[in-house]
>>> print(open('data.cif').read())   # mmCIF, C-alpha atoms
data_upload
loop_
_atom_site.label_atom_id
_atom_site.label_comp_id
_atom_site.auth_asym_id
_atom_site.auth_seq_id
_atom_site.Cartn_x
_atom_site.Cartn_y
_atom_site.Cartn_z
CA MET E 1 44.01 136.21 145.17
CA VAL E 2 43.74 139.39 143.07
CA HIS E 3 40.04 138.61 142.57
CA ARG E 4 39.51 138.19 146.33
CA ILE E 5 41.42 141.35 147.32
CA SER E 6 39.79 143.49 144.62
CA GLY E 7 36.33 142.14 145.55
CA LEU E 8 36.88 142.81 149.24
CA ALA E 9 38.15 146.34 148.55
CA LEU E 10 35.16 147.07 146.30
CA ALA E 11 32.79 145.71 148.99
CA ILE E 12 34.37 148.08 151.52
CA PHE E 13 34.12 151.02 149.09
CA LEU E 14 30.49 150.32 148.11
CA PRO E 15 28.73 151.67 151.25
CA LEU E 16 30.85 154.84 151.06
CA HIS E 17 29.85 155.25 147.41
CA PHE E 18 26.17 154.82 148.31
CA LEU E 19 26.43 157.27 151.22
CA ALA E 20 28.08 159.85 148.93
CA LEU E 21 25.31 159.56 146.32
CA GLY E 22 22.73 159.60 149.12
CA LEU E 23 23.87 163.16 149.94
CA ALA E 24 21.59 164.28 147.10
CA ILE E 25 18.59 163.27 149.22
CA LYS E 26 19.16 166.41 151.31
CA GLY E 27 19.53 168.61 148.25
CA GLU E 28 21.72 169.25 145.25
CA ALA E 29 24.12 171.53 147.17
CA ASN E 30 25.25 168.66 149.44
CA LEU E 31 26.20 166.48 146.48
CA ASP E 32 27.84 169.41 144.71
CA GLY E 33 29.99 170.13 147.78
CA PHE E 34 31.11 166.49 147.78
CA LEU E 35 31.85 166.53 144.02
CA LYS E 36 34.00 169.67 144.47
CA TRP E 37 35.95 167.80 147.17
CA THR E 38 36.55 164.93 144.73
CA ALA E 39 38.31 167.35 142.35
CA ASN E 40 41.30 167.05 144.72
CA PRO E 41 44.17 165.24 142.86
CA VAL E 42 44.63 162.84 145.80
CA VAL E 43 40.98 161.79 145.49
CA LYS E 44 41.43 161.40 141.72
CA LEU E 45 44.39 159.12 142.41
CA ALA E 46 42.22 157.03 144.77
CA GLU E 47 39.47 156.93 142.13
CA MET E 48 42.05 155.68 139.62
CA GLY E 49 42.74 152.84 142.04
CA LEU E 50 39.02 152.10 142.23
CA VAL E 51 38.73 151.96 138.43
CA PHE E 52 41.65 149.52 138.39
CA LEU E 53 39.98 147.34 141.05
CA LEU E 54 36.64 147.39 139.21
CA VAL E 55 38.17 146.47 135.83
CA VAL E 56 40.48 143.78 137.21
CA HIS E 57 37.57 142.26 139.20
CA LEU E 58 35.32 142.38 136.12
CA LEU E 59 37.92 140.62 133.94
CA GLY E 60 38.69 138.07 136.67
CA GLY E 61 34.97 137.37 137.02
CA ILE E 62 34.49 136.94 133.26
CA ARG E 63 37.45 134.52 133.29
CA VAL E 64 35.82 132.44 136.07
CA LEU E 65 32.48 132.35 134.22
CA VAL E 66 34.13 131.35 130.91
CA ILE E 67 36.31 128.64 132.52
CA GLU E 68 33.37 127.13 134.41
CA THR E 69 31.03 127.26 131.41
CA PHE E 70 33.35 126.27 128.54
CA GLY E 71 36.20 124.45 130.31
CA TRP E 72 38.82 126.78 128.82
CA ARG E 73 42.26 126.09 130.37
CA GLU E 74 45.07 127.27 128.05
CA GLY E 75 46.87 130.58 128.32
CA GLN E 76 45.93 131.38 131.93
CA LYS E 77 49.17 133.29 132.56
CA ARG E 78 48.58 135.36 129.43
CA ALA E 79 44.98 136.02 130.56
CA ALA E 80 46.22 137.21 133.98
CA VAL E 81 48.80 139.53 132.38
CA PHE E 82 46.13 140.86 130.00
CA ALA E 83 43.74 141.54 132.93
CA TRP E 84 46.44 143.48 134.80
CA GLY E 85 47.54 145.37 131.69
CA PHE E 86 44.03 146.26 130.59
CA ALA E 87 42.98 147.31 134.12
CA CYS E 88 46.10 149.51 134.45
CA LEU E 89 45.40 151.08 131.05
CA ALA E 90 41.72 151.70 131.90
CA ALA E 91 42.72 153.31 135.22
CA LEU E 92 45.36 155.49 133.53
CA VAL E 93 42.91 156.66 130.84
CA PHE E 94 40.42 157.51 133.61
CA PHE E 95 43.08 159.52 135.48
CA ILE E 96 44.13 161.47 132.38
CA ARG E 97 40.49 162.30 131.58
CA ALA E 98 39.78 163.27 135.20
CA LEU E 99 42.72 165.70 135.49
CA MET R 1 29.64 128.15 150.05
CA ASN R 2 26.68 125.86 149.35
CA VAL R 3 25.25 125.18 145.90
CA ARG R 4 22.51 127.81 146.20
CA LEU R 5 24.98 130.56 147.16
CA TYR R 6 27.35 129.42 144.39
CA LEU R 7 24.56 129.71 141.80
CA VAL R 8 23.45 133.13 143.10
CA GLN R 9 27.10 134.29 143.00
CA ARG R 10 27.58 133.18 139.39
CA ALA R 11 24.16 134.47 138.25
CA THR R 12 24.74 137.90 139.82
CA ALA R 13 28.21 137.97 138.21
CA ALA R 14 26.72 137.25 134.79
CA ILE R 15 24.04 139.95 135.24
CA MET R 16 26.62 142.44 136.49
CA ALA R 17 29.21 142.04 133.70
CA PRO R 18 27.27 144.24 131.21
CA LEU R 19 26.09 146.54 134.02
CA VAL R 20 29.70 147.15 135.14
CA LEU R 21 30.73 147.90 131.53
CA ALA R 22 27.86 150.41 131.27
CA HIS R 23 28.81 151.86 134.67
CA LEU R 24 32.42 152.29 133.49
CA ALA R 25 31.11 154.12 130.41
CA VAL R 26 29.09 156.42 132.74
CA ILE R 27 32.19 156.98 134.92
CA TYR R 28 34.33 157.91 131.87
CA TYR R 29 31.59 160.18 130.49
CA ALA R 30 30.99 161.93 133.82
CA THR R 31 34.70 162.55 134.51
CA GLY R 32 35.46 163.56 130.91
CA HIS R 33 32.69 166.17 130.97
CA SER R 34 33.36 167.33 134.59
CA LEU R 35 29.66 167.08 135.41
CA SER R 36 28.32 169.07 138.37
CA ALA R 37 25.63 167.75 140.74
CA ALA R 38 23.06 169.76 138.76
CA ASP R 39 24.23 168.17 135.47
CA ILE R 40 24.03 164.66 136.95
CA LEU R 41 20.70 165.10 138.73
CA GLY R 42 19.27 166.84 135.64
CA ARG R 43 19.87 163.61 133.73
CA THR R 44 18.82 161.13 136.42
CA ARG R 45 15.89 162.75 138.28
CA GLY R 46 12.54 161.49 137.05
CA SER R 47 14.20 158.93 134.77
CA MET R 48 12.55 155.51 134.94
CA ALA R 49 15.42 153.94 132.93
CA TRP R 50 18.15 155.14 135.35
CA GLY R 51 15.99 154.12 138.32
CA LEU R 52 15.30 150.59 137.07
CA ALA R 53 18.84 149.91 135.79
CA TYR R 54 20.53 151.11 138.96
CA SER R 55 17.97 149.42 141.26
CA LEU R 56 18.78 146.13 139.52
CA PHE R 57 22.51 146.90 139.82
CA VAL R 58 22.14 147.60 143.57
CA LEU R 59 20.14 144.39 144.11
CA VAL R 60 22.66 142.12 142.36
CA VAL R 61 25.77 143.86 143.71
CA SER R 62 24.43 143.62 147.29
CA ALA R 63 23.94 139.86 146.95
CA HIS R 64 27.26 139.39 145.10
CA ALA R 65 29.29 141.44 147.62
CA ALA R 66 27.66 139.77 150.65
CA ILE R 67 28.32 136.25 149.32
CA GLY R 68 31.84 137.21 148.18
CA VAL R 69 32.77 138.61 151.60
CA ARG R 70 31.33 135.44 153.20
CA VAL R 71 33.64 133.30 151.03
CA VAL R 72 36.73 135.38 151.81
CA VAL R 73 35.97 135.53 155.56
CA ALA R 74 35.43 131.74 155.62
CA GLU R 75 38.82 131.27 153.90
CA TRP R 76 40.84 133.79 155.89
CA THR R 77 39.32 133.63 159.40
CA PRO R 78 38.14 130.89 161.80
CA LEU R 79 34.53 132.21 161.57
CA ARG R 80 32.14 129.37 160.64
CA GLY R 81 28.49 128.29 160.45
CA SER R 82 25.62 130.57 161.41
CA ARG R 83 27.97 133.48 162.21
CA LEU R 84 29.00 133.54 158.55
CA ASP R 85 25.33 133.61 157.54
CA VAL R 86 24.61 136.48 159.95
CA LEU R 87 27.59 138.39 158.52
CA MET R 88 26.45 137.76 154.93
CA TRP R 89 22.84 138.81 155.56
CA THR R 90 23.91 141.90 157.52
CA ILE R 91 26.21 143.04 154.70
CA GLY R 92 23.63 142.23 152.02
CA ILE R 93 20.72 144.01 153.71
CA ALA R 94 22.85 147.04 154.67
CA LEU R 95 24.17 147.40 151.10
CA LEU R 96 20.68 146.97 149.65
CA ALA R 97 19.21 149.62 151.97
CA LEU R 98 22.05 152.11 151.38
CA GLY R 99 22.06 151.42 147.63
CA LEU R 100 18.32 151.87 147.15
CA ARG R 101 18.51 155.06 149.24
CA ALA R 102 21.25 156.32 146.90
CA VAL R 103 19.18 155.43 143.81
CA ALA R 104 16.16 157.23 145.33
CA ALA R 105 18.35 160.26 146.08
CA VAL R 106 19.45 160.69 142.47
CA VAL R 107 16.33 159.45 140.64
CA LEU R 108 13.29 160.68 142.55
CA PRO R 109 12.23 164.14 141.39
#
>>> encode(input="data.cif", output="structure tokens")
Amino acid sequence: MVHRISGLALAIFLPLHFLALGLAIKGEANLDGFLKWTANPVVKLAEMGLVFLLVVHLLGGIRVLVIETFGWREGQKRAAVFAWGFACLAALVFFIRAL
Amino acid sequence: MNVRLYLVQRATAAIMAPLVLAHLAVIYYATGHSLSAADILGRTRGSMAWGLAYSLFVLVVSAHAAIGVRVVVAEWTPLRGSRLDVLMWTIGIALLALGLRAVAAVVLP
């Protein structure tokens, strides 16, 4: 379920991300204006959420690939806790660096 | 999800795993150094490596996201058959077009 929700959220975010980067097509100033807006702490908080979603989806995806390829079954609960913990840590480190 | 979509989904996932790790490294670098638009575009514009890597990323993420959304919509809604295919192709083509436009915006000199 976490993999589905994080994937769906990332799929919704993706076109917005592309549109934001596409601002540079009309000149550097457009992109710079957008980047200045992203300095807002609320936006940084949202970006922290995105980093969490990306990391948790990456780890969930690696888990699926490994299970299907190597038939690994033990320690699934531990793997899920690790994915959550690592994704939270990665998001927190991003937030601290971004502030 | 049929076998072909399943294989594309797993292949794009395998291609994307290292690309996402690299993208995370770029995200951490960019935020840690508070890069301006000029700093970013100074590094990416005219760079064949950035252009090729991110074009590949856009291609695989568009396919992966479109198939993934198709799976979730099939599980969570009554939508079935050709409507699911239309949804998947619409999402995939839209993401590909927007993504390649974004790559062009930051890479083309």
>>> residues_around(input="data.cif", residues="E:Val55", least_positions_apart="6", cutoff="12 Å", atoms="all atoms listed in the file", output="PyMOL selection string")
(chain E and resi 2-3+6-7+10+48-49+61-62+82-92+94) or (chain R and resi 17+20-25)
>>> atom_distance(input="data.cif", atom1="atom CA of E:Val51", atom2="atom CA of E:Leu65")
21.0 Å
>>> resolve_selection(input="data.cif", expression="the PyMOL selection byres ((chain E) within 8 of (chain R))", output="compact mmCIF listing (two decimals) with C-alpha atoms, in the frame of the given file")
# COMPACT_ATOMS: atom_id res chain seq x y z
CA ARG E 4 39.51 138.19 146.33
CA GLY E 7 36.33 142.14 145.55
CA LEU E 8 36.88 142.81 149.24
CA ALA E 11 32.79 145.71 148.99
CA LEU E 14 30.49 150.32 148.11
CA PRO E 15 28.73 151.67 151.25
CA PHE E 18 26.17 154.82 148.31
CA LEU E 19 26.43 157.27 151.22
CA ALA E 20 28.08 159.85 148.93
CA LEU E 21 25.31 159.56 146.32
CA GLY E 22 22.73 159.60 149.12
CA LEU E 23 23.87 163.16 149.94
CA ALA E 24 21.59 164.28 147.10
CA ILE E 25 18.59 163.27 149.22
CA GLU E 28 21.72 169.25 145.25
CA ALA E 29 24.12 171.53 147.17
CA LEU E 31 26.20 166.48 146.48
CA ASP E 32 27.84 169.41 144.71
CA LEU E 35 31.85 166.53 144.02
CA LEU E 58 35.32 142.38 136.12
CA GLY E 61 34.97 137.37 137.02
CA ILE E 62 34.49 136.94 133.26
CA LEU E 65 32.48 132.35 134.22
CA PHE E 94 40.42 157.51 133.61
CA ARG E 97 40.49 162.30 131.58
CA ALA E 98 39.78 163.27 135.20
>>> axis_aligned_box(input="data.cif", around="stretch 55-62 of chain E", padding_each_side="3 Å", output="JSON")
{"center_x": 37.5, "center_y": 141.7, "center_z": 136.2, "size_x": 12.0, "size_y": 15.5, "size_z": 11.9}
>>> atom_distance(input="data.cif", atom1="atom CA of R:Arg70", atom2="atom CA of R:Met88")
5.7 Å
>>> closest_residue(input="data.cif", among="E:Phe70, E:Ala80, E:Phe52, E:Leu99", to="E:Asn40", atoms="only C-alpha atoms")
E:Leu99
>>> atom_distance(input="data.cif", atom1="atom CA of R:Met1", atom2="atom CA of R:Ile67")
8.2 Å
>>> closest_residue(input="data.cif", among="E:Glu68, E:His57, E:Ile5, E:Ile96", to="R:Tyr6", atoms="all atoms listed in the file")
E:Glu68
